[in-house]
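Engineer: coords-v4.cif is reproduced in full below (mmCIF, C-alpha atoms).
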```cif
data_work
loop_
_atom_site.label_atom_id
_atom_site.label_comp_id
_atom_site.auth_asym_id
_atom_site.auth_seq_id
_atom_site.Cartn_x
_atom_site.Cartn_y
_atom_site.Cartn_z
CA MET A 1 67.49 25.94 65.22
CA HIS A 2 64.39 24.86 63.35
CA ALA A 3 62.75 28.21 64.05
CA HIS A 4 65.83 29.96 62.68
CA LEU A 5 65.72 27.89 59.50
CA SER A 6 61.99 28.45 59.25
CA ARG A 7 62.50 32.20 59.36
CA TRP A 8 65.06 31.96 56.57
CA GLY A 9 62.68 29.73 54.63
CA TRP A 10 59.91 32.30 54.78
CA ALA A 11 62.38 35.05 53.95
CA GLY A 12 63.44 33.11 50.89
CA VAL A 13 59.85 32.74 49.77
CA LEU A 14 59.27 36.48 50.20
CA LEU A 15 62.44 37.33 48.30
CA LEU A 16 61.40 35.07 45.44
CA ALA A 17 57.95 36.65 45.36
CA LEU A 18 59.43 40.14 45.30
CA PHE A 19 61.87 39.17 42.57
CA ALA A 20 59.10 37.69 40.44
CA SER A 21 57.12 40.95 40.58
CA ALA A 22 60.09 43.31 40.48
CA PRO A 23 60.44 46.07 37.91
CA VAL A 24 61.96 45.21 34.57
CA HIS A 25 65.74 44.66 34.44
CA ALA A 26 68.15 44.58 31.52
CA SER A 27 67.99 40.79 31.22
CA ASP A 28 64.20 41.01 30.87
CA ASP A 29 64.65 43.55 28.08
CA VAL A 30 67.02 41.23 26.24
CA ARG A 31 64.68 38.27 26.61
CA PHE A 32 61.68 40.31 25.48
CA LEU A 33 63.43 41.71 22.41
CA THR A 34 64.68 38.23 21.49
CA ALA A 35 61.15 36.85 21.80
CA PHE A 36 59.71 39.73 19.79
CA GLU A 37 62.19 39.24 16.96
CA ARG A 38 61.45 35.51 16.92
CA THR A 39 57.73 36.20 16.55
CA ARG A 40 58.55 38.31 13.49
CA THR A 41 60.36 35.43 11.80
CA GLU A 42 58.13 32.66 13.21
CA PRO A 43 54.67 34.26 13.46
CA ASP A 44 52.81 30.95 13.66
CA ARG A 45 54.69 30.14 16.86
CA ALA A 46 54.01 33.50 18.53
CA PRO A 47 51.79 32.18 21.38
CA GLU A 48 54.36 29.50 22.20
CA ILE A 49 57.24 31.99 22.08
CA TRP A 50 55.48 34.50 24.33
CA GLN A 51 54.47 31.79 26.79
CA ALA A 52 58.10 30.71 27.09
CA PHE A 53 58.99 34.32 27.86
CA ILE A 54 56.25 34.63 30.50
CA GLU A 55 56.90 31.42 32.44
CA PRO A 56 60.08 32.34 34.39
CA TYR A 57 58.58 35.57 35.82
CA PRO A 58 54.81 35.55 35.23
CA LYS A 59 54.26 38.64 37.39
CA GLY A 60 56.85 40.80 35.64
CA ASP A 61 55.84 44.00 33.88
CA LEU A 62 56.85 42.70 30.46
CA ALA A 63 54.96 39.46 31.09
CA ALA A 64 51.72 41.46 31.03
CA LEU A 65 52.80 43.00 27.73
CA ALA A 66 53.64 39.54 26.36
CA ARG A 67 50.11 38.40 27.24
CA LEU A 68 48.72 41.35 25.29
CA MET A 69 50.94 40.52 22.31
CA THR A 70 49.60 36.96 22.48
CA ALA A 71 45.99 38.17 22.50
CA VAL A 72 46.61 40.45 19.51
CA HIS A 73 48.13 37.53 17.60
CA LEU A 74 45.18 35.26 18.43
CA VAL A 75 42.68 37.86 17.25
CA ARG A 76 44.52 38.34 13.96
CA LYS A 77 44.69 34.59 13.36
CA GLY A 78 40.96 34.20 13.97
CA ALA A 79 41.28 32.08 17.11
CA GLY A 80 38.14 30.97 18.89
CA GLN A 81 36.29 33.39 21.14
CA ASP A 82 37.05 31.41 24.30
CA GLN A 83 40.77 31.36 23.53
CA VAL A 84 40.93 35.12 22.91
CA ASP A 85 38.73 35.89 25.92
CA GLY A 86 41.02 33.78 28.08
CA ALA A 87 44.10 35.64 26.86
CA LEU A 88 42.51 39.03 27.54
CA ALA A 89 41.22 37.92 30.95
CA SER A 90 44.72 36.81 31.96
CA ILE A 91 45.86 40.42 31.48
CA ARG A 92 43.03 42.00 33.43
CA GLN A 93 43.07 39.64 36.40
CA GLY A 94 45.63 39.99 39.14
CA ASP A 95 47.91 42.52 37.49
CA ASP A 96 49.19 45.39 39.60
CA GLU A 97 48.14 48.53 37.76
CA GLY A 98 50.46 50.74 39.78
CA ARG A 99 53.21 50.89 37.16
CA ALA A 100 52.89 52.76 33.89
CA LEU A 101 53.42 49.84 31.52
CA ARG A 102 50.79 47.71 33.22
CA ARG A 103 48.29 50.55 33.22
CA HIS A 104 48.70 50.93 29.46
CA VAL A 105 48.53 47.17 28.87
CA HIS A 106 45.40 46.87 31.02
CA ARG A 107 43.72 49.71 29.13
CA ALA A 108 44.73 48.19 25.78
CA ALA A 109 43.26 44.82 26.79
CA LEU A 110 39.94 46.48 27.58
CA ALA A 111 40.13 48.38 24.28
CA MET A 112 40.74 45.12 22.41
CA ALA A 113 37.69 43.59 24.10
CA ALA A 114 35.69 46.67 23.06
CA ARG A 115 36.84 46.36 19.45
CA ARG A 116 35.77 42.72 19.34
CA GLN A 117 32.44 43.62 20.91
CA MET A 118 31.91 46.39 18.35
CA ARG A 119 32.75 43.98 15.54
CA SER A 120 29.98 41.70 16.79
CA LEU A 121 27.57 44.62 17.10
CA VAL A 122 28.30 45.65 13.52
CA GLY A 123 27.26 42.19 12.36
CA HIS A 124 23.96 42.56 14.22
CA LEU A 125 23.46 46.07 12.81
CA GLN A 126 23.97 44.80 9.27
CA ALA A 127 21.48 41.99 9.87
CA TYR A 128 19.00 44.57 11.21
CA TYR A 129 19.48 46.60 8.03
CA ARG A 130 18.70 43.59 5.87
CA ARG A 131 15.41 43.12 7.73
CA HIS A 132 14.33 46.78 7.87
CA VAL A 133 16.26 48.45 5.00
CA ALA A 134 17.48 50.94 7.60
CA TYR A 135 19.75 50.88 10.61
CA PRO A 136 18.13 51.20 14.05
CA ALA A 137 17.44 54.68 15.36
CA ALA A 138 19.11 53.71 18.64
CA LEU A 139 21.49 50.91 19.54
CA SER A 140 19.07 49.81 22.24
CA ASP A 141 16.67 48.73 19.47
CA LEU A 142 18.84 45.63 19.07
CA ALA A 143 18.12 44.71 22.68
CA THR A 144 14.43 45.59 22.28
CA GLU A 145 14.20 43.09 19.43
CA LYS A 146 16.11 40.61 21.62
CA VAL A 147 18.90 40.42 19.05
CA VAL A 148 21.54 41.07 21.71
CA ALA A 149 21.61 41.14 25.48
CA PRO A 150 21.52 44.64 27.03
CA ALA A 151 24.97 44.01 28.55
CA MET A 152 26.45 43.88 25.05
CA LEU A 153 25.57 47.55 24.54
CA VAL A 154 27.96 48.54 27.36
CA ASP A 155 31.70 48.67 26.74
CA PRO A 156 34.27 46.90 28.98
CA PHE A 157 34.87 50.21 30.79
CA GLY A 158 31.23 50.30 31.90
CA ALA A 159 29.94 53.02 29.56
CA PRO A 160 27.41 52.67 26.70
CA TYR A 161 28.76 52.67 23.17
CA ASP A 162 28.29 55.84 21.13
CA TYR A 163 26.03 55.13 18.16
CA ALA A 164 24.35 57.31 15.56
CA ALA A 165 22.42 56.41 12.40
CA ARG A 166 22.49 58.88 9.51
CA ALA A 167 21.67 59.36 5.84
CA ARG A 168 24.26 58.77 3.15
CA ARG A 169 25.71 61.74 1.32
CA LEU A 170 24.41 60.50 -2.02
CA MET A 171 20.91 59.94 -0.59
CA PRO A 172 20.38 62.73 1.97
CA ASP A 173 16.61 62.24 2.05
CA VAL A 174 16.75 58.56 3.02
CA GLU A 175 17.30 58.24 6.75
CA ARG A 176 19.42 55.71 8.64
CA GLN A 177 21.38 54.31 5.72
CA ALA A 178 24.74 54.52 7.48
CA PHE A 179 25.98 54.60 11.05
CA THR A 180 28.90 55.37 13.32
CA LEU A 181 29.81 53.17 16.28
CA ARG A 182 32.37 54.31 18.80
CA CYS A 183 33.80 53.40 22.19
CA GLY A 184 33.95 56.80 23.83
CA SER A 185 35.81 55.46 26.87
CA VAL A 186 39.04 55.24 24.88
CA GLY A 187 38.08 57.27 21.81
CA ILE A 188 38.18 54.46 19.24
CA GLU A 189 35.74 53.90 16.39
CA HIS A 190 34.76 50.66 14.76
CA GLU A 191 37.38 49.82 12.16
CA ASP A 192 38.55 46.68 10.41
CA LEU A 193 40.38 45.03 13.31
CA ASP A 194 42.49 42.70 11.17
CA ARG A 195 43.68 45.64 9.07
CA LEU A 196 44.54 47.65 12.18
CA ILE A 197 46.59 44.80 13.62
CA ASP A 198 48.46 44.41 10.34
CA GLN A 199 49.22 48.14 10.35
CA SER A 200 50.43 47.95 13.96
CA ARG A 201 53.05 45.41 12.89
CA GLN A 202 54.62 47.82 10.41
CA PRO A 203 57.74 49.83 11.36
CA VAL A 204 57.08 53.19 13.00
CA ARG A 205 58.35 55.85 10.62
CA ALA A 206 56.76 58.97 12.12
CA LEU A 207 59.54 59.28 14.72
CA VAL A 208 63.24 58.53 14.87
CA VAL A 209 64.61 57.43 18.23
CA ASP A 210 67.75 59.34 19.12
CA ARG A 211 68.53 58.24 22.66
CA VAL A 212 66.90 56.95 25.84
CA ALA A 213 67.42 58.70 29.17
CA THR A 214 69.40 56.72 31.72
CA ASN A 215 66.47 56.72 34.15
CA ARG A 216 64.14 55.62 31.32
CA ASP A 217 61.47 58.20 32.09
CA TYR A 218 61.80 59.92 28.73
CA VAL A 219 63.22 59.43 25.25
CA LEU A 220 64.93 61.81 22.86
CA VAL A 221 63.19 61.57 19.48
CA ARG A 222 63.29 63.47 16.22
CA VAL A 223 60.50 64.08 13.72
CA PRO A 224 61.92 63.66 10.20
CA ALA A 225 61.51 66.67 7.93
CA LYS A 226 59.78 66.37 4.56
CA ASP A 227 63.16 66.23 2.83
CA GLY A 228 64.15 63.24 4.98
CA THR A 229 66.63 65.08 7.18
CA PRO A 230 66.45 64.63 10.98
CA GLY A 231 64.30 67.23 12.67
CA ARG A 232 64.76 68.95 16.00
CA ALA A 233 65.08 66.75 19.08
CA HIS A 234 62.09 66.50 21.43
CA ARG A 235 61.69 65.04 24.90
CA TRP A 236 59.05 62.29 24.89
CA LYS A 237 57.92 61.31 28.37
CA ILE A 238 56.31 58.05 29.43
CA GLY A 239 52.56 58.35 28.93
CA ALA A 240 52.83 61.33 26.57
CA ARG A 241 51.48 61.36 23.01
CA MET A 242 53.45 62.34 19.94
CA ARG A 243 52.43 61.90 16.30
CA GLY A 244 49.52 59.65 17.27
CA LEU A 245 51.71 57.42 19.44
CA THR A 246 51.77 57.09 23.24
CA LEU A 247 55.02 56.07 24.93
CA TRP A 248 54.33 53.08 27.18
CA TYR A 249 57.81 51.85 28.03
CA ALA A 250 61.43 52.74 27.28
CA SER A 251 64.65 50.77 27.52
CA ASP A 252 68.00 51.22 25.84
CA ARG A 253 67.09 48.33 23.51
CA PHE A 254 63.50 49.04 22.48
CA LEU A 255 60.46 51.22 23.07
CA VAL A 256 56.87 50.08 23.42
CA VAL A 257 54.35 52.57 22.09
CA GLY A 258 50.58 52.52 21.84
CA TRP A 259 48.89 53.25 18.52
CA LYS A 260 45.10 53.25 18.59
CA GLU A 261 45.44 51.22 21.80
CA LEU A 262 47.50 48.54 20.04
CA PRO A 263 51.12 47.83 21.09
CA ARG A 264 54.01 48.57 18.75
CA VAL A 265 57.68 47.84 19.40
CA MET A 266 60.43 50.18 18.19
CA VAL A 267 63.98 48.82 18.30
CA VAL A 268 66.54 51.31 19.66
CA ARG A 269 70.06 51.15 18.31
CA GLU A 270 71.51 54.28 19.90
CA PRO A 271 73.32 54.40 23.28
CA ARG A 272 71.51 55.84 26.26
CA MET A 273 71.92 59.53 27.03
CA SER A 274 72.66 60.95 30.44
CA SER A 275 69.61 62.33 32.23
CA ASP A 276 71.11 65.81 32.44
CA GLU A 277 71.92 66.11 28.73
CA ALA A 278 70.39 69.26 27.29
CA ILE A 279 67.55 68.71 24.87
CA SER A 280 64.80 70.86 23.49
CA ARG A 281 61.38 70.43 25.01
#
```
Transcribe the structure of this file into structure tokens.

Structural biologist:
Amino acid sequence: MHAHLSRWGWAGVLLLALFASAPVHASDDVRFLTAFERTRTEPDRAPEIWQAFIEPYPKGDLAALARLMTAVHLVRKGAGQDQVDGALASIRQGDDEGRALRRHVHRAALAMAARRQMRSLVGHLQAYYRRHVAYPAALSDLATEKVVAPAMLVDPFGAPYDYAARARRLMPDVERQAFTLRCGSVGIEHEDLDRLIDQSRQPVRALVVDRVATNRDYVLVRVPAKDGTPGRAHRWKIGARMRGLTLWYASDRFLVVGWKELPRVMVVREPRMSSDEAISR
């Protein structure tokens, strides 16, 4: 009798574990969209709102996305380095990268870490310029002068940053008066991170969502014409790029897209289409 109950006990534990890490369901979509809309009206409470979303099913696919949204918010609000690093580490550790959404979230977390690292490197490059009236010929010069540790010259993907010093257009004969710094692993350049995050919070106007396929593996979207009329319908598959956006996740309530490796949420107000509905490719 006890053995029988014990077997059911272990079965219950396994079922709970599977449920906690199961793919996203409609109720998760509703909860996520509700949390997202609350963060728009109560931005100062965003970390608290996302944490409340994560707690019931911390291993869910959308929980990983909520952690990324939290990290983005903390960066924009100028939170301490340890707090941001902790938020990014929580995404990278222990997440199953087998599903598409988690793969995109994991990559975006590494890209965010790279952006923050590049922002720090830019500060060191500017300090170098003030000392030498020129930027270093190579990024490794910062390590040679013991300004930074050699590990800081390698991006979170394990590759060295792309760096080049150059002359300015107005002073072509004066060398190393400007520079470019780039993370080649994900194809992003150093830009004002706060400005990028602010732009990522703006509505996506490049595409109009028509409908979402029942099986959620693609979306029907239209590219507005210059006169404002709806354009031809296109199939947009998960992981594909269109108009500078990558489709990360699709539900009949919202889409999650990546823009410069930052997450953006597009609310869907149209009913889902059947998977066999004819659309143009």

Engineer: Measuring atom to atom with only C-alpha atoms, identify which of A:Trp236, A:Phe254, A:Tyr135, A:Tyr161 is nearest to A:Val268.

Structural biologist: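 Among the listed residues, the smallest separation from A:Val268 belongs to A:Phe254.
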
Engineer: Need to verify the contact set: A:Ser251, 7 Å, all atoms listed in the file, exclusion of same-chain residues closer than 4 positions in sequence. Can you return it as an MDAnalysis selection string?

Structural biologist: chainID A and resid 212 216 255

Engineer: Let's have the selection written as an mmCIF file, keeping the file's coordinate frame, with C-alpha atoms.

Structural biologist:
```cif
data_model
loop_
_atom_site.group_PDB
_atom_site.id
_atom_site.type_symbol
_atom_site.label_atom_id
_atom_site.label_comp_id
_atom_site.auth_asym_id
_atom_site.auth_seq_id
_atom_site.Cartn_x
_atom_site.Cartn_y
_atom_site.Cartn_z
ATOM 1 C CA VAL A 212 66.900 56.950 25.840
ATOM 2 C CA ARG A 216 64.140 55.620 31.320
ATOM 3 C CA LEU A 255 60.460 51.220 23.070
#
```

Engineer: Go through A:Pro203, A:Gly187, A:Pro172, A:Gly231 one by one, measure the shortest atom-to-atom distance of each to A:Pro263 using only C-alpha atoms, and give the residue with the smallest value.

Structural biologist: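 For A:Pro263, the nearest of the candidates is A:Pro203.
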
Engineer: Ranking A:Val186, A:Ala127, A:Val72, A:Leu121 by minimum distance to A:Ser140 and counting only C-alpha atoms, which one comes first?

Structural biologist: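 Closest to A:Ser140 of all the choices is A:Leu121.
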
Engineer: When the PyMOL selection byres ((chain A and resi 67-70) around 8) is applied to the file above, which residues end up in the set, as a list of chain:residue names?

Structural biologist: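 That selection, the PyMOL selection byres ((chain A and resi 67-70) around 8), comes back as A:Ala46, A:Pro47, A:Trp50, A:Gln51, A:Ile54, A:Ala63, A:Ala64, A:Leu65, A:Ala66, A:Ala71, A:Val72, A:His73, A:Leu74, A:Ala87, A:Leu88, A:Ser90, A:Ile91, A:Val105, A:Ala108, A:Ala109, A:Pro263.
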
Engineer: Which is closest to A:Arg264 among A:Gln199, A:Thr41, A:Val208, A:Arg232, if we use all atoms listed in the file?

Structural biologist: A:Gln199

Engineer: Using all atoms listed in the file, pick whichever of A:Val257, A:Ala114, A:Leu207, A:Ile49 has the shortest atom-to-atom distance to A:Cys183.

Structural biologist: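 Checking each candidate against A:Cys183, we get A:Ala114 as the closest.
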
Engineer: Expand the PyMOL selection byres ((chain A and resi 237) around 8) into the explicit residue set it covers here, and present it as JSON, numbers by chain.

Structural biologist: {"A": [217, 218, 219, 235, 236, 238, 239, 240, 247]}

Engineer: What separation in Å, quoted to one decimal, exists between atom CA of A:His132 and atom CA of A:Ala113?

Structural biologist: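 Atom CA of A:Ala113 lies at a distance of 28.6 Å from atom CA of A:His132.
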